[in-house]
file input_1.cif (mmCIF, N, CA and C atoms)
data_protein
#
loop_
_atom_site.label_atom_id
_atom_site.label_comp_id
_atom_site.auth_asym_id
_atom_site.auth_seq_id
_atom_site.Cartn_x
_atom_site.Cartn_y
_atom_site.Cartn_z
N MET R 13 6.35 3.20 -8.75
CA MET R 13 7.54 3.34 -7.94
C MET R 13 7.13 3.33 -6.47
N ILE R 14 7.86 2.61 -5.69
CA ILE R 14 7.61 2.52 -4.26
C ILE R 14 8.87 2.97 -3.54
N GLN R 15 8.73 3.85 -2.58
CA GLN R 15 9.87 4.35 -1.81
C GLN R 15 9.91 3.65 -0.47
N SER R 16 11.02 3.02 -0.19
CA SER R 16 11.18 2.31 1.07
C SER R 16 11.32 3.30 2.22
N MET R 17 10.53 3.08 3.27
CA MET R 17 10.59 3.93 4.45
C MET R 17 11.42 3.28 5.55
N TRP R 18 11.51 1.98 5.51
CA TRP R 18 12.25 1.26 6.54
C TRP R 18 12.78 0.00 5.90
N GLU R 19 14.05 -0.19 5.96
CA GLU R 19 14.63 -1.37 5.35
C GLU R 19 15.07 -2.33 6.42
N SER R 20 14.79 -3.58 6.18
CA SER R 20 15.13 -4.61 7.14
C SER R 20 16.49 -5.21 6.82
N ASP R 21 17.29 -5.44 7.84
CA ASP R 21 18.56 -6.12 7.66
C ASP R 21 18.38 -7.63 7.77
N LEU R 22 17.25 -8.05 8.32
CA LEU R 22 17.00 -9.47 8.51
C LEU R 22 16.09 -10.00 7.42
N GLU R 23 16.48 -11.09 6.83
CA GLU R 23 15.67 -11.71 5.79
C GLU R 23 14.33 -12.15 6.36
N GLY R 24 13.26 -11.85 5.66
CA GLY R 24 11.94 -12.26 6.11
C GLY R 24 11.25 -11.27 7.02
N GLU R 25 11.94 -10.20 7.43
CA GLU R 25 11.32 -9.17 8.27
C GLU R 25 10.48 -8.25 7.40
N PRO R 26 9.38 -7.73 7.94
CA PRO R 26 8.52 -6.83 7.15
C PRO R 26 9.19 -5.50 6.84
N MET R 27 8.75 -4.88 5.73
CA MET R 27 9.27 -3.60 5.30
C MET R 27 8.08 -2.68 4.99
N ILE R 28 8.15 -1.43 5.43
CA ILE R 28 7.11 -0.44 5.16
C ILE R 28 7.59 0.43 4.01
N GLU R 29 6.71 0.65 3.02
CA GLU R 29 7.07 1.44 1.86
C GLU R 29 5.96 2.41 1.49
N LEU R 30 6.34 3.56 0.97
CA LEU R 30 5.40 4.56 0.49
C LEU R 30 5.13 4.31 -0.99
N VAL R 31 3.85 4.24 -1.36
CA VAL R 31 3.47 4.06 -2.76
C VAL R 31 3.48 5.42 -3.42
N ARG R 32 4.23 5.56 -4.51
CA ARG R 32 4.36 6.84 -5.21
C ARG R 32 3.68 6.85 -6.58
N GLU R 33 3.50 5.70 -7.20
CA GLU R 33 2.92 5.62 -8.53
C GLU R 33 1.80 4.58 -8.55
N ILE R 34 0.88 4.78 -9.46
CA ILE R 34 -0.25 3.85 -9.61
C ILE R 34 0.20 2.69 -10.49
N GLU R 35 0.25 1.51 -9.91
CA GLU R 35 0.59 0.29 -10.63
C GLU R 35 -0.62 -0.64 -10.53
N PRO R 36 -1.23 -0.99 -11.66
CA PRO R 36 -2.48 -1.77 -11.64
C PRO R 36 -2.41 -3.05 -10.80
N LYS R 37 -1.31 -3.76 -10.88
CA LYS R 37 -1.18 -5.01 -10.12
C LYS R 37 -1.18 -4.74 -8.62
N LEU R 38 -0.49 -3.67 -8.21
CA LEU R 38 -0.45 -3.31 -6.79
C LEU R 38 -1.83 -2.85 -6.32
N ILE R 39 -2.51 -2.02 -7.12
CA ILE R 39 -3.85 -1.55 -6.77
C ILE R 39 -4.78 -2.74 -6.59
N GLN R 40 -4.69 -3.70 -7.48
CA GLN R 40 -5.53 -4.91 -7.39
C GLN R 40 -5.28 -5.65 -6.07
N ARG R 41 -4.02 -5.77 -5.66
CA ARG R 41 -3.69 -6.44 -4.39
C ARG R 41 -4.21 -5.65 -3.20
N LEU R 42 -4.09 -4.32 -3.24
CA LEU R 42 -4.56 -3.49 -2.14
C LEU R 42 -6.07 -3.58 -1.99
N VAL R 43 -6.78 -3.59 -3.11
CA VAL R 43 -8.24 -3.74 -3.07
C VAL R 43 -8.60 -5.10 -2.49
N GLN R 44 -7.87 -6.14 -2.86
CA GLN R 44 -8.11 -7.48 -2.34
C GLN R 44 -7.95 -7.49 -0.81
N LEU R 45 -6.88 -6.88 -0.31
CA LEU R 45 -6.66 -6.83 1.14
C LEU R 45 -7.78 -6.07 1.84
N GLU R 46 -8.22 -4.96 1.25
CA GLU R 46 -9.31 -4.17 1.83
C GLU R 46 -10.60 -4.98 1.89
N LYS R 47 -10.91 -5.71 0.83
CA LYS R 47 -12.14 -6.52 0.82
C LYS R 47 -12.07 -7.65 1.84
N GLU R 48 -10.89 -8.26 1.98
CA GLU R 48 -10.74 -9.32 2.97
C GLU R 48 -10.95 -8.79 4.38
N ALA R 49 -10.48 -7.58 4.64
CA ALA R 49 -10.57 -7.00 5.98
C ALA R 49 -11.92 -6.36 6.27
N PHE R 50 -12.48 -5.66 5.28
CA PHE R 50 -13.67 -4.83 5.53
C PHE R 50 -14.87 -5.16 4.65
N GLY R 51 -14.76 -6.17 3.81
CA GLY R 51 -15.87 -6.52 2.92
C GLY R 51 -16.15 -5.39 1.94
N GLU R 52 -17.41 -5.15 1.67
CA GLU R 52 -17.79 -4.12 0.72
C GLU R 52 -17.46 -2.71 1.21
N GLY R 53 -17.19 -2.55 2.51
CA GLY R 53 -16.85 -1.24 3.06
C GLY R 53 -15.39 -0.85 2.87
N GLY R 54 -14.59 -1.76 2.31
CA GLY R 54 -13.17 -1.48 2.10
C GLY R 54 -12.93 -0.54 0.94
N MET R 55 -11.73 -0.02 0.89
CA MET R 55 -11.34 0.88 -0.20
C MET R 55 -11.34 0.13 -1.53
N ASN R 56 -11.73 0.83 -2.59
CA ASN R 56 -11.63 0.26 -3.92
C ASN R 56 -10.67 1.12 -4.74
N ALA R 57 -10.48 0.77 -6.00
CA ALA R 57 -9.54 1.49 -6.85
C ALA R 57 -9.92 2.96 -6.99
N TRP R 58 -11.22 3.27 -6.98
CA TRP R 58 -11.67 4.65 -7.11
C TRP R 58 -11.26 5.49 -5.90
N HIS R 59 -11.08 4.87 -4.76
CA HIS R 59 -10.64 5.59 -3.57
C HIS R 59 -9.11 5.58 -3.42
N LEU R 60 -8.49 4.47 -3.77
CA LEU R 60 -7.05 4.35 -3.55
C LEU R 60 -6.21 5.24 -4.47
N VAL R 61 -6.61 5.37 -5.72
CA VAL R 61 -5.83 6.18 -6.65
C VAL R 61 -5.73 7.63 -6.19
N PRO R 62 -6.84 8.31 -5.82
CA PRO R 62 -6.71 9.67 -5.31
C PRO R 62 -5.88 9.75 -4.02
N LEU R 63 -5.97 8.73 -3.17
CA LEU R 63 -5.16 8.73 -1.95
C LEU R 63 -3.68 8.63 -2.26
N ILE R 64 -3.32 7.87 -3.27
CA ILE R 64 -1.91 7.77 -3.67
C ILE R 64 -1.43 9.11 -4.22
N ARG R 65 -2.28 9.78 -5.00
CA ARG R 65 -1.89 11.06 -5.62
C ARG R 65 -1.91 12.23 -4.65
N HIS R 66 -2.90 12.28 -3.75
CA HIS R 66 -3.10 13.46 -2.93
C HIS R 66 -2.93 13.22 -1.43
N GLY R 67 -2.72 12.00 -1.04
CA GLY R 67 -2.50 11.66 0.36
C GLY R 67 -1.25 10.81 0.46
N ARG R 68 -1.31 9.84 1.32
CA ARG R 68 -0.21 8.89 1.47
C ARG R 68 -0.78 7.49 1.63
N VAL R 69 -0.21 6.56 0.90
CA VAL R 69 -0.56 5.14 1.04
C VAL R 69 0.74 4.40 1.29
N TYR R 70 0.80 3.71 2.41
CA TYR R 70 1.96 2.90 2.77
C TYR R 70 1.56 1.44 2.71
N ILE R 71 2.50 0.62 2.28
CA ILE R 71 2.25 -0.82 2.26
C ILE R 71 3.25 -1.51 3.19
N LEU R 72 2.83 -2.65 3.69
CA LEU R 72 3.68 -3.49 4.51
C LEU R 72 3.97 -4.74 3.69
N GLU R 73 5.25 -4.97 3.43
CA GLU R 73 5.66 -6.13 2.64
C GLU R 73 6.46 -7.09 3.50
N LYS R 74 6.23 -8.37 3.26
CA LYS R 74 7.02 -9.41 3.91
C LYS R 74 7.35 -10.45 2.85
N GLU R 75 8.62 -10.69 2.67
CA GLU R 75 9.09 -11.65 1.67
C GLU R 75 8.50 -11.34 0.29
N LEU R 76 8.54 -10.06 -0.09
CA LEU R 76 8.10 -9.54 -1.38
C LEU R 76 6.59 -9.66 -1.63
N GLU R 77 5.81 -9.92 -0.59
CA GLU R 77 4.35 -9.97 -0.71
C GLU R 77 3.75 -8.85 0.12
N VAL R 78 2.80 -8.12 -0.48
CA VAL R 78 2.11 -7.06 0.24
C VAL R 78 1.13 -7.72 1.21
N ILE R 79 1.30 -7.42 2.51
CA ILE R 79 0.45 -8.05 3.53
C ILE R 79 -0.41 -7.05 4.28
N GLY R 80 -0.24 -5.76 4.01
CA GLY R 80 -1.05 -4.77 4.69
C GLY R 80 -0.87 -3.39 4.07
N LEU R 81 -1.76 -2.48 4.45
CA LEU R 81 -1.67 -1.11 3.96
C LEU R 81 -2.32 -0.15 4.94
N ILE R 82 -1.93 1.10 4.83
CA ILE R 82 -2.55 2.18 5.61
C ILE R 82 -2.60 3.40 4.71
N GLN R 83 -3.67 4.20 4.87
CA GLN R 83 -3.83 5.39 4.05
C GLN R 83 -3.96 6.61 4.95
N TYR R 84 -3.39 7.72 4.48
CA TYR R 84 -3.53 9.02 5.14
C TYR R 84 -3.99 10.03 4.09
N MET R 85 -4.96 10.85 4.44
CA MET R 85 -5.39 11.92 3.57
C MET R 85 -4.93 13.23 4.18
N LEU R 86 -4.24 14.03 3.38
CA LEU R 86 -3.74 15.32 3.83
C LEU R 86 -4.83 16.37 3.63
N ASP R 87 -4.69 17.50 4.34
CA ASP R 87 -5.64 18.60 4.17
C ASP R 87 -5.59 19.14 2.77
#

call {"tool": "encode", "arguments": {"input": "input_1.cif", "output": "structure tokens"}}
result
Amino acid sequence: MIQSMWESDLEGEPMIELVREIEPKLIQRLVQLEKEAFGEGGMNAWHLVPLIRHGRVYILEKELEVIGLIQYMLD
């Protein structure tokens, strides 16, 4: 389940969403984006799953494709 944080009124505009549940296909895409951006230093599934459960992971979607992500770890 993904919770929308900002909804666009314009078609094709990006949307930011909070990831609430672990979905294997989404995790795979997030790992792919991390590897493209940071190589082997990027987040992998072992890091992203705890961040989704105990922190915050937001995704940026454009035209139903995930194009970016940001992670926050809470105290």

call {"tool": "residues_around", "arguments": {"input": "input_1.cif", "residues": "R:Lys47", "least_positions_apart": "6", "cutoff": "12 Å", "atoms": "only C-alpha atoms", "output": "JSON, numbers by chain"}}
result
{"R": [40, 41, 53, 54, 55, 56, 57, 80]}

call {"tool": "residues_around", "arguments": {"input": "input_1.cif", "residues": "R:Gly24", "least_positions_apart": "6", "cutoff": "8 Å", "atoms": "all atoms listed in the file", "output": "PDB file with N, CA and C atoms, in the coordinates of the input"}}
result
ATOM      1  N   GLU R  73       5.250  -4.970   3.430  1.00  0.00           N
ATOM      2  CA  GLU R  73       5.660  -6.130   2.640  1.00  0.00           C
ATOM      3  C   GLU R  73       6.460  -7.090   3.500  1.00  0.00           C
ATOM      4  N   LYS R  74       6.230  -8.370   3.260  1.00  0.00           N
ATOM      5  CA  LYS R  74       7.020  -9.410   3.910  1.00  0.00           C
ATOM      6  C   LYS R  74       7.350 -10.450   2.850  1.00  0.00           C
ATOM      7  N   GLU R  75       8.620 -10.690   2.670  1.00  0.00           N
ATOM      8  CA  GLU R  75       9.090 -11.650   1.670  1.00  0.00           C
ATOM      9  C   GLU R  75       8.500 -11.340   0.290  1.00  0.00           C
ATOM     10  N   LEU R  76       8.540 -10.060  -0.090  1.00  0.00           N
ATOM     11  CA  LEU R  76       8.100  -9.540  -1.380  1.00  0.00           C
ATOM     12  C   LEU R  76       6.590  -9.660  -1.630  1.00  0.00           C
TER      13      LEU R  76
END

call {"tool": "resolve_selection", "arguments": {"input": "input_1.cif", "expression": "the PyMOL selection byres (((chain R and resi 38 and name CA) around 12) and name CA)", "output": "ChimeraX atom specification"}}
result
/R:13-14,31-37,39-45,57,60-61,64,69-71,73,76-81

call {"tool": "select_by_dssp", "arguments": {"input": "input_1.cif", "residues": "stretch 57-87 of chain R", "states": "strand (DSSP E)", "output": "list in words"}}
result
Gly67, Arg68, Val69, Tyr70, Ile71, Leu72, Glu73, Lys74, Glu77, Val78, Ile79, Gly80, Leu81, Ile82, Gln83, Tyr84 and Met85 of chain R

call {"tool": "write_last_selection", "arguments": {"input": "input_1.cif", "atoms": "N, CA and C atoms", "output": "tab-separated table (two decimals), in the coordinates of the input"}}
result
chain	number	residue	atom	x	y	z
R	67	GLY	N	-2.72	12.00	-1.04
R	67	GLY	CA	-2.50	11.66	0.36
R	67	GLY	C	-1.25	10.81	0.46
R	68	ARG	N	-1.31	9.84	1.32
R	68	ARG	CA	-0.21	8.89	1.47
R	68	ARG	C	-0.78	7.49	1.63
R	69	VAL	N	-0.21	6.56	0.90
R	69	VAL	CA	-0.56	5.14	1.04
R	69	VAL	C	0.74	4.40	1.29
R	70	TYR	N	0.80	3.71	2.41
R	70	TYR	CA	1.96	2.90	2.77
R	70	TYR	C	1.56	1.44	2.71
R	71	ILE	N	2.50	0.62	2.28
R	71	ILE	CA	2.25	-0.82	2.26
R	71	ILE	C	3.25	-1.51	3.19
R	72	LEU	N	2.83	-2.65	3.69
R	72	LEU	CA	3.68	-3.49	4.51
R	72	LEU	C	3.97	-4.74	3.69
R	73	GLU	N	5.25	-4.97	3.43
R	73	GLU	CA	5.66	-6.13	2.64
R	73	GLU	C	6.46	-7.09	3.50
R	74	LYS	N	6.23	-8.37	3.26
R	74	LYS	CA	7.02	-9.41	3.91
R	74	LYS	C	7.35	-10.45	2.85
R	77	GLU	N	5.81	-9.92	-0.59
R	77	GLU	CA	4.35	-9.97	-0.71
R	77	GLU	C	3.75	-8.85	0.12
R	78	VAL	N	2.80	-8.12	-0.48
R	78	VAL	CA	2.11	-7.06	0.24
R	78	VAL	C	1.13	-7.72	1.21
R	79	ILE	N	1.30	-7.42	2.51
R	79	ILE	CA	0.45	-8.05	3.53
R	79	ILE	C	-0.41	-7.05	4.28
R	80	GLY	N	-0.24	-5.76	4.01
R	80	GLY	CA	-1.05	-4.77	4.69
R	80	GLY	C	-0.87	-3.39	4.07
R	81	LEU	N	-1.76	-2.48	4.45
R	81	LEU	CA	-1.67	-1.11	3.96
R	81	LEU	C	-2.32	-0.15	4.94
R	82	ILE	N	-1.93	1.10	4.83
R	82	ILE	CA	-2.55	2.18	5.61
R	82	ILE	C	-2.60	3.40	4.71
R	83	GLN	N	-3.67	4.20	4.87
R	83	GLN	CA	-3.83	5.39	4.05
R	83	GLN	C	-3.96	6.61	4.95
R	84	TYR	N	-3.39	7.72	4.48
R	84	TYR	CA	-3.53	9.02	5.14
R	84	TYR	C	-3.99	10.03	4.09
R	85	MET	N	-4.96	10.85	4.44
R	85	MET	CA	-5.39	11.92	3.57
R	85	MET	C	-4.93	13.23	4.18

call {"tool": "atom_distance", "arguments": {"input": "input_1.cif", "atom1": "atom N of R:Gln83", "atom2": "atom N of R:His59"}}
result
12.2 Å

call {"tool": "select_by_dssp", "arguments": {"input": "input_1.cif", "residues": "chain R", "states": "alpha helix (DSSP H)", "output": "PyMOL selection string"}}
result
chain R and resi 36-50+57-66

call {"tool": "residues_around", "arguments": {"input": "input_1.cif", "residues": "R:Met85", "least_positions_apart": "4", "cutoff": "8 Å", "atoms": "only N, CA and C atoms", "output": "PDB file with N, CA and C atoms, in the frame of the given file"}}
result
ATOM      1  N   PRO R  62      -6.840   8.310  -5.820  1.00  0.00           N
ATOM      2  CA  PRO R  62      -6.710   9.670  -5.310  1.00  0.00           C
ATOM      3  C   PRO R  62      -5.880   9.750  -4.020  1.00  0.00           C
ATOM      4  N   LEU R  63      -5.970   8.730  -3.170  1.00  0.00           N
ATOM      5  CA  LEU R  63      -5.160   8.730  -1.950  1.00  0.00           C
ATOM      6  C   LEU R  63      -3.680   8.630  -2.260  1.00  0.00           C
ATOM      7  N   HIS R  66      -2.900  12.280  -3.750  1.00  0.00           N
ATOM      8  CA  HIS R  66      -3.100  13.460  -2.930  1.00  0.00           C
ATOM      9  C   HIS R  66      -2.930  13.220  -1.430  1.00  0.00           C
ATOM     10  N   GLY R  67      -2.720  12.000  -1.040  1.00  0.00           N
ATOM     11  CA  GLY R  67      -2.500  11.660   0.360  1.00  0.00           C
ATOM     12  C   GLY R  67      -1.250  10.810   0.460  1.00  0.00           C
ATOM     13  N   ARG R  68      -1.310   9.840   1.320  1.00  0.00           N
ATOM     14  CA  ARG R  68      -0.210   8.890   1.470  1.00  0.00           C
ATOM     15  C   ARG R  68      -0.780   7.490   1.630  1.00  0.00           C
ATOM     16  N   VAL R  69      -0.210   6.560   0.900  1.00  0.00           N
ATOM     17  CA  VAL R  69      -0.560   5.140   1.040  1.00  0.00           C
ATOM     18  C   VAL R  69       0.740   4.400   1.290  1.00  0.00           C
TER      19      VAL R  69
END

call {"tool": "atom_distance", "arguments": {"input": "input_1.cif", "atom1": "atom C of R:Phe50", "atom2": "atom N of R:Glu25"}}
result
27.4 Å

call {"tool": "atom_distance", "arguments": {"input": "input_1.cif", "atom1": "atom C of R:Glu29", "atom2": "atom N of R:Leu72"}}
result
6.3 Å

call {"tool": "decode", "arguments": {"input": "input_1.cif", "residues": "stretch 15-72 of chain R", "atoms": "C-alpha atoms", "output": "mmCIF file, in the first residue's frame"}}
result
data_model
loop_
_atom_site.group_PDB
_atom_site.id
_atom_site.type_symbol
_atom_site.label_atom_id
_atom_site.label_comp_id
_atom_site.auth_asym_id
_atom_site.auth_seq_id
_atom_site.Cartn_x
_atom_site.Cartn_y
_atom_site.Cartn_z
ATOM 1 C CA GLN R 15 -0.166 6.597 0.622
ATOM 2 C CA SER R 16 -0.236 9.635 -1.612
ATOM 3 C CA MET R 17 1.338 12.699 -0.029
ATOM 4 C CA TRP R 18 0.724 15.068 -2.906
ATOM 5 C CA GLU R 19 -1.688 14.601 -5.723
ATOM 6 C CA SER R 20 -1.266 16.270 -9.049
ATOM 7 C CA ASP R 21 -4.167 17.831 -10.903
ATOM 8 C CA LEU R 22 -2.131 17.908 -14.101
ATOM 9 C CA GLU R 23 -1.629 14.767 -16.125
ATOM 10 C CA GLY R 24 2.015 13.774 -16.309
ATOM 11 C CA GLU R 25 3.069 15.778 -13.235
ATOM 12 C CA PRO R 26 5.108 13.916 -10.601
ATOM 13 C CA MET R 27 3.504 12.615 -7.406
ATOM 14 C CA ILE R 28 5.207 11.938 -4.051
ATOM 15 C CA GLU R 29 3.954 8.930 -2.093
ATOM 16 C CA LEU R 30 4.780 7.260 1.214
ATOM 17 C CA VAL R 31 5.519 3.528 0.987
ATOM 18 C CA ARG R 32 3.610 1.686 3.731
ATOM 19 C CA GLU R 33 3.930 -1.987 2.744
ATOM 20 C CA ILE R 34 6.672 -4.178 1.331
ATOM 21 C CA GLU R 35 5.842 -5.060 -2.273
ATOM 22 C CA PRO R 36 8.544 -7.160 -3.988
ATOM 23 C CA LYS R 37 8.119 -5.488 -7.384
ATOM 24 C CA LEU R 38 8.436 -2.017 -5.848
ATOM 25 C CA ILE R 39 11.471 -3.037 -3.758
ATOM 26 C CA GLN R 40 13.116 -4.381 -6.921
ATOM 27 C CA ARG R 41 12.552 -1.039 -8.700
ATOM 28 C CA LEU R 42 13.885 0.955 -5.737
ATOM 29 C CA VAL R 43 17.036 -1.182 -5.594
ATOM 30 C CA GLN R 44 17.479 -0.662 -9.347
ATOM 31 C CA LEU R 45 17.260 3.133 -8.929
ATOM 32 C CA GLU R 46 19.749 3.036 -6.045
ATOM 33 C CA LYS R 47 22.245 0.993 -8.075
ATOM 34 C CA GLU R 48 21.911 3.329 -11.052
ATOM 35 C CA ALA R 49 22.586 6.349 -8.841
ATOM 36 C CA PHE R 50 25.149 5.002 -6.361
ATOM 37 C CA GLY R 51 26.463 1.706 -7.752
ATOM 38 C CA GLU R 52 27.299 -0.876 -5.114
ATOM 39 C CA GLY R 53 26.972 1.809 -2.411
ATOM 40 C CA GLY R 54 23.227 2.144 -2.990
ATOM 41 C CA MET R 55 20.526 0.737 -0.764
ATOM 42 C CA ASN R 56 19.577 -2.890 -1.259
ATOM 43 C CA ALA R 57 16.509 -4.862 -0.165
ATOM 44 C CA TRP R 58 18.147 -5.648 3.199
ATOM 45 C CA HIS R 59 18.319 -1.915 3.940
ATOM 46 C CA LEU R 60 15.067 -0.758 2.345
ATOM 47 C CA VAL R 61 12.706 -3.151 4.125
ATOM 48 C CA PRO R 62 13.696 -1.982 7.654
ATOM 49 C CA LEU R 63 13.480 1.634 6.473
ATOM 50 C CA ILE R 64 9.926 1.065 5.236
ATOM 51 C CA ARG R 65 8.966 -0.567 8.560
ATOM 52 C CA HIS R 66 10.818 1.692 11.002
ATOM 53 C CA GLY R 67 11.533 4.873 9.069
ATOM 54 C CA ARG R 68 10.000 6.539 6.058
ATOM 55 C CA VAL R 69 10.506 5.798 2.374
ATOM 56 C CA TYR R 70 8.929 8.145 -0.148
ATOM 57 C CA ILE R 71 8.789 7.543 -3.870
ATOM 58 C CA LEU R 72 8.450 9.985 -6.730
#
